[in-house]
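Q: Structure file entry38.txt, compact mmCIF, C-alpha atoms, is pasted below:
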# COMPACT_ATOMS: atom_id res chain seq x y z
CA MET A 45 -86.78 -24.44 90.01
CA GLY A 46 -88.90 -25.84 87.19
CA LEU A 47 -91.98 -24.61 85.38
CA GLN A 48 -94.37 -26.96 87.19
CA PRO A 49 -94.73 -25.05 90.51
CA TYR A 50 -95.74 -21.89 88.64
CA LEU A 51 -98.35 -23.72 86.57
CA ILE A 52 -99.75 -25.48 89.65
CA LEU A 53 -99.94 -22.17 91.52
CA ALA A 54 -101.79 -20.59 88.58
CA ALA A 55 -104.17 -23.55 88.38
CA VAL A 56 -104.93 -23.27 92.12
CA VAL A 57 -105.64 -19.53 91.86
CA PHE A 58 -107.78 -20.12 88.76
CA SER A 59 -109.84 -22.74 90.58
CA ILE A 60 -110.35 -20.40 93.54
CA GLY A 61 -111.53 -17.71 91.11
CA LEU A 62 -113.87 -20.20 89.45
CA PHE A 63 -115.29 -21.10 92.85
CA GLY A 64 -115.86 -17.40 93.54
CA VAL A 65 -117.64 -16.85 90.24
CA LEU A 66 -119.90 -19.84 90.85
CA THR A 67 -120.81 -19.06 94.45
CA ARG A 68 -121.10 -15.28 94.69
CA ARG A 69 -124.56 -13.77 94.46
CA ASN A 70 -123.36 -10.20 94.20
CA THR A 71 -122.33 -9.04 90.72
CA VAL A 72 -119.29 -7.17 92.11
CA GLY A 73 -118.22 -10.39 93.85
CA ILE A 74 -118.53 -12.29 90.56
CA LEU A 75 -116.34 -9.67 88.88
CA LEU A 76 -113.69 -10.13 91.60
CA GLY A 77 -113.67 -13.87 90.85
CA VAL A 78 -113.18 -13.15 87.16
CA GLU A 79 -110.24 -10.90 88.07
CA LEU A 80 -108.61 -13.78 89.97
CA MET A 81 -109.05 -16.12 87.01
CA LEU A 82 -107.54 -13.63 84.56
CA ASN A 83 -104.68 -13.07 86.97
CA ALA A 84 -103.92 -16.80 87.08
CA VAL A 85 -103.78 -16.87 83.29
CA ASN A 86 -101.29 -14.00 83.35
CA ILE A 87 -99.01 -15.98 85.69
CA ASN A 88 -99.13 -18.88 83.21
CA LEU A 89 -98.29 -16.62 80.28
CA VAL A 90 -95.32 -14.99 81.98
CA ALA A 91 -93.98 -18.33 83.25
CA PHE A 92 -94.15 -19.94 79.82
CA SER A 93 -92.59 -16.85 78.29
CA ARG A 94 -89.68 -16.98 80.73
CA PHE A 95 -89.09 -20.72 80.43
CA HIS A 96 -89.19 -20.75 76.64
CA GLY A 97 -87.12 -17.60 76.25
CA ASN A 98 -89.79 -15.99 74.06
CA ALA A 99 -91.15 -12.52 74.84
CA ASP A 100 -94.48 -13.05 73.00
CA GLY A 101 -96.11 -14.26 76.20
CA MET A 102 -95.23 -11.03 77.98
CA ILE A 103 -96.75 -8.97 75.14
CA LEU A 104 -99.91 -11.07 75.44
CA THR A 105 -99.90 -10.42 79.20
CA ILE A 106 -99.82 -6.67 78.62
CA PHE A 107 -102.79 -6.97 76.26
CA ALA A 108 -104.61 -9.16 78.78
CA ILE A 109 -104.04 -6.65 81.58
CA CYS A 110 -105.32 -3.75 79.46
CA LEU A 111 -108.38 -5.69 78.31
CA THR A 112 -109.12 -6.66 81.91
CA VAL A 113 -109.07 -3.01 82.91
CA ALA A 114 -111.50 -2.21 80.08
CA GLU A 115 -113.69 -5.15 81.11
CA ILE A 116 -113.83 -4.21 84.78
CA SER A 117 -114.67 -0.57 84.01
CA LEU A 118 -117.54 -1.59 81.71
CA GLY A 119 -118.71 -4.27 84.13
CA LEU A 120 -118.85 -1.86 87.05
CA ALA A 121 -120.62 0.73 84.91
CA LEU A 122 -123.25 -1.93 84.17
CA VAL A 123 -123.51 -2.72 87.90
CA ILE A 124 -124.17 0.95 88.64
CA LEU A 125 -126.74 1.10 85.82
CA LEU A 126 -128.47 -2.00 87.24
CA PHE A 127 -128.63 -0.35 90.64
CA ARG A 128 -130.32 2.69 89.09
CA THR A 129 -132.97 0.69 87.27
CA ARG A 130 -133.55 -2.31 89.53
CA ARG A 131 -132.14 -1.31 92.93
CA THR A 132 -130.27 -4.62 93.17
CA ALA A 133 -126.78 -5.99 92.67
CA LEU A 134 -127.71 -9.66 92.89
CA ALA A 135 -127.17 -11.68 89.76
CA ASP A 136 -130.33 -13.73 90.48
CA HIS A 137 -132.48 -10.61 90.09
CA ILE A 138 -131.16 -9.83 86.63
CA ASP A 139 -133.61 -11.83 84.56
CA TRP A 140 -135.05 -9.44 81.98
CA LEU A 141 -134.37 -11.86 79.14
CA LYS A 142 -136.00 -14.82 80.89
CA GLY A 143 -139.20 -15.72 79.03
CA MET B 75 -83.48 -24.32 100.04
CA THR B 76 -82.33 -21.57 97.72
CA PRO B 77 -83.62 -18.00 98.16
CA GLU B 78 -85.59 -18.34 94.92
CA VAL B 79 -87.51 -21.38 96.14
CA LEU B 80 -88.15 -19.73 99.50
CA ALA B 81 -89.43 -16.57 97.80
CA PHE B 82 -91.67 -18.62 95.52
CA TRP B 83 -93.30 -20.55 98.33
CA SER B 84 -93.88 -17.50 100.53
CA LEU B 85 -95.43 -15.70 97.54
CA ALA B 86 -97.52 -18.77 96.76
CA ILE B 87 -98.85 -18.89 100.34
CA VAL B 88 -99.72 -15.17 100.26
CA LEU B 89 -101.35 -15.51 96.84
CA VAL B 90 -103.47 -18.57 97.62
CA GLY B 91 -104.40 -17.29 101.08
CA SER B 92 -105.56 -13.91 99.83
CA ALA B 93 -107.36 -15.50 96.86
CA LEU B 94 -109.29 -17.71 99.29
CA ALA B 95 -110.07 -14.65 101.39
CA VAL B 96 -111.43 -12.87 98.27
CA VAL B 97 -113.98 -15.60 97.56
CA LEU B 98 -114.84 -16.50 101.17
CA SER B 99 -114.95 -13.14 102.96
CA LYS B 100 -118.42 -12.06 104.10
CA ASN B 101 -117.66 -8.38 103.61
CA LEU B 102 -117.43 -7.14 100.03
CA PHE B 103 -115.00 -4.37 100.96
CA HIS B 104 -112.64 -6.86 102.63
CA SER B 105 -112.82 -8.98 99.48
CA VAL B 106 -111.57 -6.06 97.41
CA LEU B 107 -108.70 -5.37 99.81
CA PHE B 108 -107.65 -9.03 99.68
CA LEU B 109 -107.86 -8.86 95.90
CA ALA B 110 -105.34 -5.99 96.03
CA LEU B 111 -103.07 -8.20 98.13
CA ALA B 112 -103.44 -11.09 95.67
CA LEU B 113 -102.64 -8.83 92.72
CA THR B 114 -99.56 -7.46 94.48
CA GLY B 115 -98.47 -11.05 95.19
CA THR B 116 -98.80 -11.77 91.50
CA ALA B 117 -96.52 -8.80 90.81
CA GLY B 118 -94.00 -10.51 93.11
CA VAL B 119 -94.28 -13.71 91.07
CA PHE B 120 -93.62 -11.65 87.93
CA LEU B 121 -90.49 -10.23 89.59
CA LEU B 122 -89.38 -13.77 90.36
CA LEU B 123 -89.81 -14.58 86.66
CA GLU B 124 -87.59 -11.59 85.76
CA ALA B 125 -90.43 -9.60 84.19
CA GLU B 126 -89.87 -6.33 86.06
CA PHE B 127 -91.87 -4.22 83.62
CA LEU B 128 -94.91 -6.46 83.92
CA ALA B 129 -94.64 -6.34 87.71
CA ALA B 130 -94.74 -2.53 87.54
CA VAL B 131 -97.70 -2.59 85.14
CA GLN B 132 -99.47 -5.08 87.40
CA VAL B 133 -99.13 -2.88 90.47
CA LEU B 134 -100.04 0.32 88.61
CA LEU B 135 -103.02 -0.92 86.60
CA TYR B 136 -104.40 -3.75 88.71
CA ALA B 137 -103.59 -3.07 92.33
CA GLY B 138 -103.86 0.68 91.75
CA GLY B 139 -106.48 1.16 89.06
CA VAL B 140 -108.86 -1.77 89.25
CA VAL B 141 -109.09 -1.82 93.04
CA THR B 142 -109.78 1.93 93.14
CA VAL B 143 -112.54 1.58 90.58
CA VAL B 144 -114.12 -1.34 92.44
CA VAL B 145 -114.04 0.59 95.71
CA PHE B 146 -115.71 3.54 93.98
CA ALA B 147 -118.40 1.24 92.60
CA ILE B 148 -119.07 -0.18 96.06
CA VAL B 149 -119.31 3.28 97.58
CA VAL B 150 -121.67 4.53 94.86
CA THR B 151 -123.96 1.50 94.89
CA GLU B 152 -124.16 1.39 98.67
CA ARG B 153 -125.18 5.01 98.80
CA LEU B 154 -127.83 4.47 96.13
CA VAL B 155 -129.87 2.06 98.20
CA GLY B 156 -128.74 3.04 101.67
CA THR B 157 -128.14 -0.55 102.75
CA LYS B 158 -125.01 -2.65 102.86
CA LEU B 159 -124.33 -4.87 99.85
CA SER B 160 -125.12 -8.43 100.78
CA HIS B 161 -122.30 -10.74 99.91
CA THR B 162 -123.64 -14.21 100.53
CA SER B 163 -122.69 -17.39 98.73
CA ARG B 164 -124.81 -20.16 97.25
CA ASN B 165 -124.30 -23.62 95.75
CA VAL B 166 -121.13 -23.95 97.83
CA PHE B 167 -120.98 -27.75 97.64
CA ARG B 168 -121.54 -28.04 93.90
CA SER B 169 -119.16 -25.16 93.17
CA THR B 170 -116.44 -26.75 95.33
CA LEU B 171 -116.95 -29.95 93.39
CA ALA B 172 -116.69 -28.18 90.02
CA ALA B 173 -113.63 -26.11 90.99
CA SER B 174 -111.75 -29.06 92.49
CA ALA B 175 -112.62 -31.27 89.52
CA PHE B 176 -111.12 -28.60 87.28
CA LEU B 177 -108.05 -28.36 89.52
CA VAL B 178 -107.51 -32.14 89.56
CA PHE B 179 -107.87 -32.36 85.78
CA VAL B 180 -105.51 -29.49 85.00
CA GLY B 181 -103.09 -30.49 87.78
CA SER B 182 -102.79 -34.05 86.54
CA ARG B 183 -102.14 -32.78 83.02
CA ILE B 184 -99.42 -30.40 84.31
CA LEU B 185 -97.74 -33.14 86.36
CA THR B 186 -97.59 -35.64 83.49
CA TRP B 187 -96.83 -33.28 80.59
CA PRO B 188 -93.16 -32.94 79.58
CA LEU B 189 -92.15 -29.40 80.52
CA PRO B 190 -88.83 -27.55 80.25
CA ALA B 191 -86.83 -28.37 83.39
CA GLY B 192 -85.18 -24.99 83.92
CA PRO B 193 -85.59 -21.43 82.71
CA ALA B 194 -84.27 -20.48 79.30
CA PRO B 195 -80.94 -18.64 79.23
CA VAL B 196 -81.33 -14.99 80.20
CA MET B 197 -83.33 -13.14 77.56
CA GLY B 198 -81.43 -9.92 78.02
CA ASP B 199 -83.39 -6.80 78.90
CA ALA B 200 -87.01 -8.00 78.87
CA THR B 201 -88.36 -4.43 79.01
CA LYS B 202 -86.39 -3.45 75.93
CA THR B 203 -87.58 -6.54 74.06
CA ILE B 204 -91.21 -5.82 74.97
CA GLY B 205 -90.88 -2.20 73.86
CA SER B 206 -89.41 -3.00 70.47
CA LEU B 207 -91.84 -5.88 69.84
CA LEU B 208 -94.82 -3.64 70.71
CA LEU B 209 -93.81 -1.13 68.05
CA THR B 210 -92.78 -3.62 65.34
CA ARG B 211 -94.48 -7.01 65.20
CA PHE B 212 -97.40 -6.20 67.49
CA VAL B 213 -98.02 -2.62 66.41
CA LEU B 214 -101.47 -3.35 64.92
CA PRO B 215 -102.87 -5.07 68.06
CA PHE B 216 -101.30 -2.27 70.08
CA GLU B 217 -103.21 0.38 68.14
CA LEU B 218 -106.40 -1.68 68.25
CA LEU B 219 -105.99 -1.85 72.02
CA ALA B 220 -106.01 1.95 72.11
CA VAL B 221 -109.34 1.89 70.24
CA VAL B 222 -110.73 -0.71 72.68
CA LEU B 223 -109.74 1.43 75.64
CA LEU B 224 -111.37 4.49 74.08
CA VAL B 225 -114.58 2.55 73.38
CA SER B 226 -114.70 1.19 76.94
CA LEU B 227 -114.11 4.69 78.31
CA VAL B 228 -116.98 6.14 76.27
CA GLY B 229 -119.18 3.11 76.98
CA ALA B 230 -118.58 3.22 80.72
CA SER B 231 -119.36 6.92 80.96
CA TYR B 232 -122.49 6.37 78.82
CA PHE B 233 -123.78 3.56 81.04
CA ALA B 234 -123.03 5.38 84.27
CA ARG B 235 -124.31 8.79 83.11
CA PRO B 236 -126.50 10.76 85.47
CA GLU B 237 -130.21 10.32 85.00
CA GLU B 238 -131.95 13.01 82.96
Here is a file; write its structure as structure tokens.
A:
Amino acid sequence: MGLQPYLILAAVVFSIGLFGVLTRRNTVGILLGVELMLNAVNINLVAFSRFHGNADGMILTIFAICLTVAEISLGLALVILLFRTRRTALADHIDWLKG
Amino acid sequence: MTPEVLAFWSLAIVLVGSALAVVLSKNLFHSVLFLALALTGTAGVFLLLEAEFLAAVQVLLYAGGVVTVVVFAIVVTERLVGTKLSHTSRNVFRSTLAASAFLVFVGSRILTWPLPAGPAPVMGDATKTIGSLLLTRFVLPFELLAVVLLVSLVGASYFARPEE
């Protein structure tokens, strides 16, 4: 089996994640979409790494996974903080910086 | 149809189906559960690509850690306001257009680009290679990653601290 099916699968998952990020109103929902997109990128990295016989892609995947965990923990902490101050989790209501 | 191809397509169906459920489900909690399924499916794809260590990390950190944290966040935020989190969608048509345009563009590039036909000869023990690379060539990013994790830990507990 070639490399193409893996890349197509990753592209499909990435597009679904993009759709989620664009359509969700809830900030937690947006974060879930971002998770899907990052996940698709990881599939790409591992597939390229395997098909080129080079382990650098797998190292990059480990870094990507760890950074995603850091990102989601900070993102959810911000969501909780927003709930405290604004009593909302909808991205449309977060407009402090709008003039 | 070889077992590998069969495994790939069943994993692909699970992955795409649960990803669609994540973005389309009306209930936020169901979305998170489907995300766990999608992440586990990705771990299966990693196994298929002979990256056993990454599959284990994926299940531990993503399916275990991230999903638990998201569930905690949902529980905490729902209790704060006493109402269910609304999970509606907007701009569905335009977003479908944007996502499918992206998919068509990337897909056409993938289908026309010259790619290696088959996997490279077996790399040997991938876990061993990753371990030695992490502590030789990539030791500086590895240490920086530890700093990033510490900063995010402190930052998250600062943001989510109890009100004075």
Q: Residues of chain A that approach chain B to 7 Å or less, counting only C-alpha atoms: could you list each one with the shortest pair of atoms and its distance in Å to one decimal, rows by chain and increasing residue number, as a tab-separated table?
A:
residue	atom	partner	partner_atom	distance
A:Met45	CA	B:Gly192	CA	6.3
A:Gly46	CA	B:Ala191	CA	5.0
A:Leu47	CA	B:Ala191	CA	6.7
A:Gln48	CA	B:Ile184	CA	6.8
A:Ile52	CA	B:Gly181	CA	6.3
A:Leu53	CA	B:Ala86	CA	6.7
A:Ala55	CA	B:Leu177	CA	6.3
A:Val56	CA	B:Leu177	CA	6.5
A:Val57	CA	B:Val90	CA	6.2
A:Ser59	CA	B:Ala173	CA	5.1
A:Ile60	CA	B:Leu94	CA	6.4
A:Leu62	CA	B:Ala173	CA	6.1
A:Phe63	CA	B:Ala173	CA	5.6
A:Gly64	CA	B:Val97	CA	4.8
A:Leu66	CA	B:Ser169	CA	5.9
A:Thr67	CA	B:Ser163	CA	5.0
A:Arg68	CA	B:Ser163	CA	4.8
A:Arg69	CA	B:Ser163	CA	5.9
A:Asn70	CA	B:His161	CA	5.8
A:Gly77	CA	B:Val97	CA	6.9
A:Ala91	CA	B:Leu123	CA	6.6
A:Arg94	CA	B:Pro193	CA	6.4
A:Phe95	CA	B:Pro193	CA	4.2
A:His96	CA	B:Ala194	CA	5.6
A:Gly97	CA	B:Ala194	CA	5.1
A:Ala99	CA	B:Ile204	CA	6.7
A:Ile103	CA	B:Ile204	CA	6.4
A:Val113	CA	B:Val140	CA	6.5
A:Ala114	CA	B:Ser226	CA	5.6
A:Ser117	CA	B:Ala230	CA	6.4
A:Leu118	CA	B:Ala230	CA	5.0
A:Leu120	CA	B:Ala147	CA	6.4
A:Ala121	CA	B:Ala234	CA	5.3
A:Leu122	CA	B:Phe233	CA	6.3
A:Ile124	CA	B:Thr151	CA	6.3
A:Leu125	CA	B:Ala234	CA	5.9
A:Phe127	CA	B:Thr151	CA	6.6
A:Arg131	CA	B:Val155	CA	6.7
Q: Grab the atom CA of B:His104 to atom CA of A:Gly73 distance for me, in Å with one decimal place.
A: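 If I compute the distance from atom CA of B:His104 to atom CA of A:Gly73, I get 11.0 Å.
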Q: Calculated over only C-alpha atoms, which of the candidates B:Ala130, B:Gly138, B:Gly118, B:Val145 has the smallest distance to A:Leu76?
A: B:Val145
Q: If you measure from atom CA of A:Ala84 to atom CA of A:Ala54, what distance in Å do you get, rounded to one decimal?
A: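 Between these atoms lies a distance of 4.6 Å.
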Q: Mind giving me the straight-line distance from atom CA of B:Glu217 to atom CA of A:Gly101 in Å, one decimal?
A: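 Answer for the atom CA of B:Glu217 to atom CA of A:Gly101 separation: 18.2 Å.
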Q: Axis-aligned box over every listed atom of stretch 122-139 of chain B, padded by 5 Å per side: centre and edges in Å to one decimal, as JSON?
A:
{"center_x": -97.0, "center_y": -6.7, "center_z": 88.0, "size_x": 28.9, "size_y": 25.7, "size_z": 18.7}
Q: Using only C-alpha atoms, which protein or nucleic acid residues come within 8 Å of A:Asn83? Drop anything in the same chain fewer than 3 positions from it, and give the result as a list in words.
A: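 Close residues of A:Asn83: Phe58, Glu79, Leu80, Asn86 and Ile87 of chain A; Leu113 and Thr116 of chain B.
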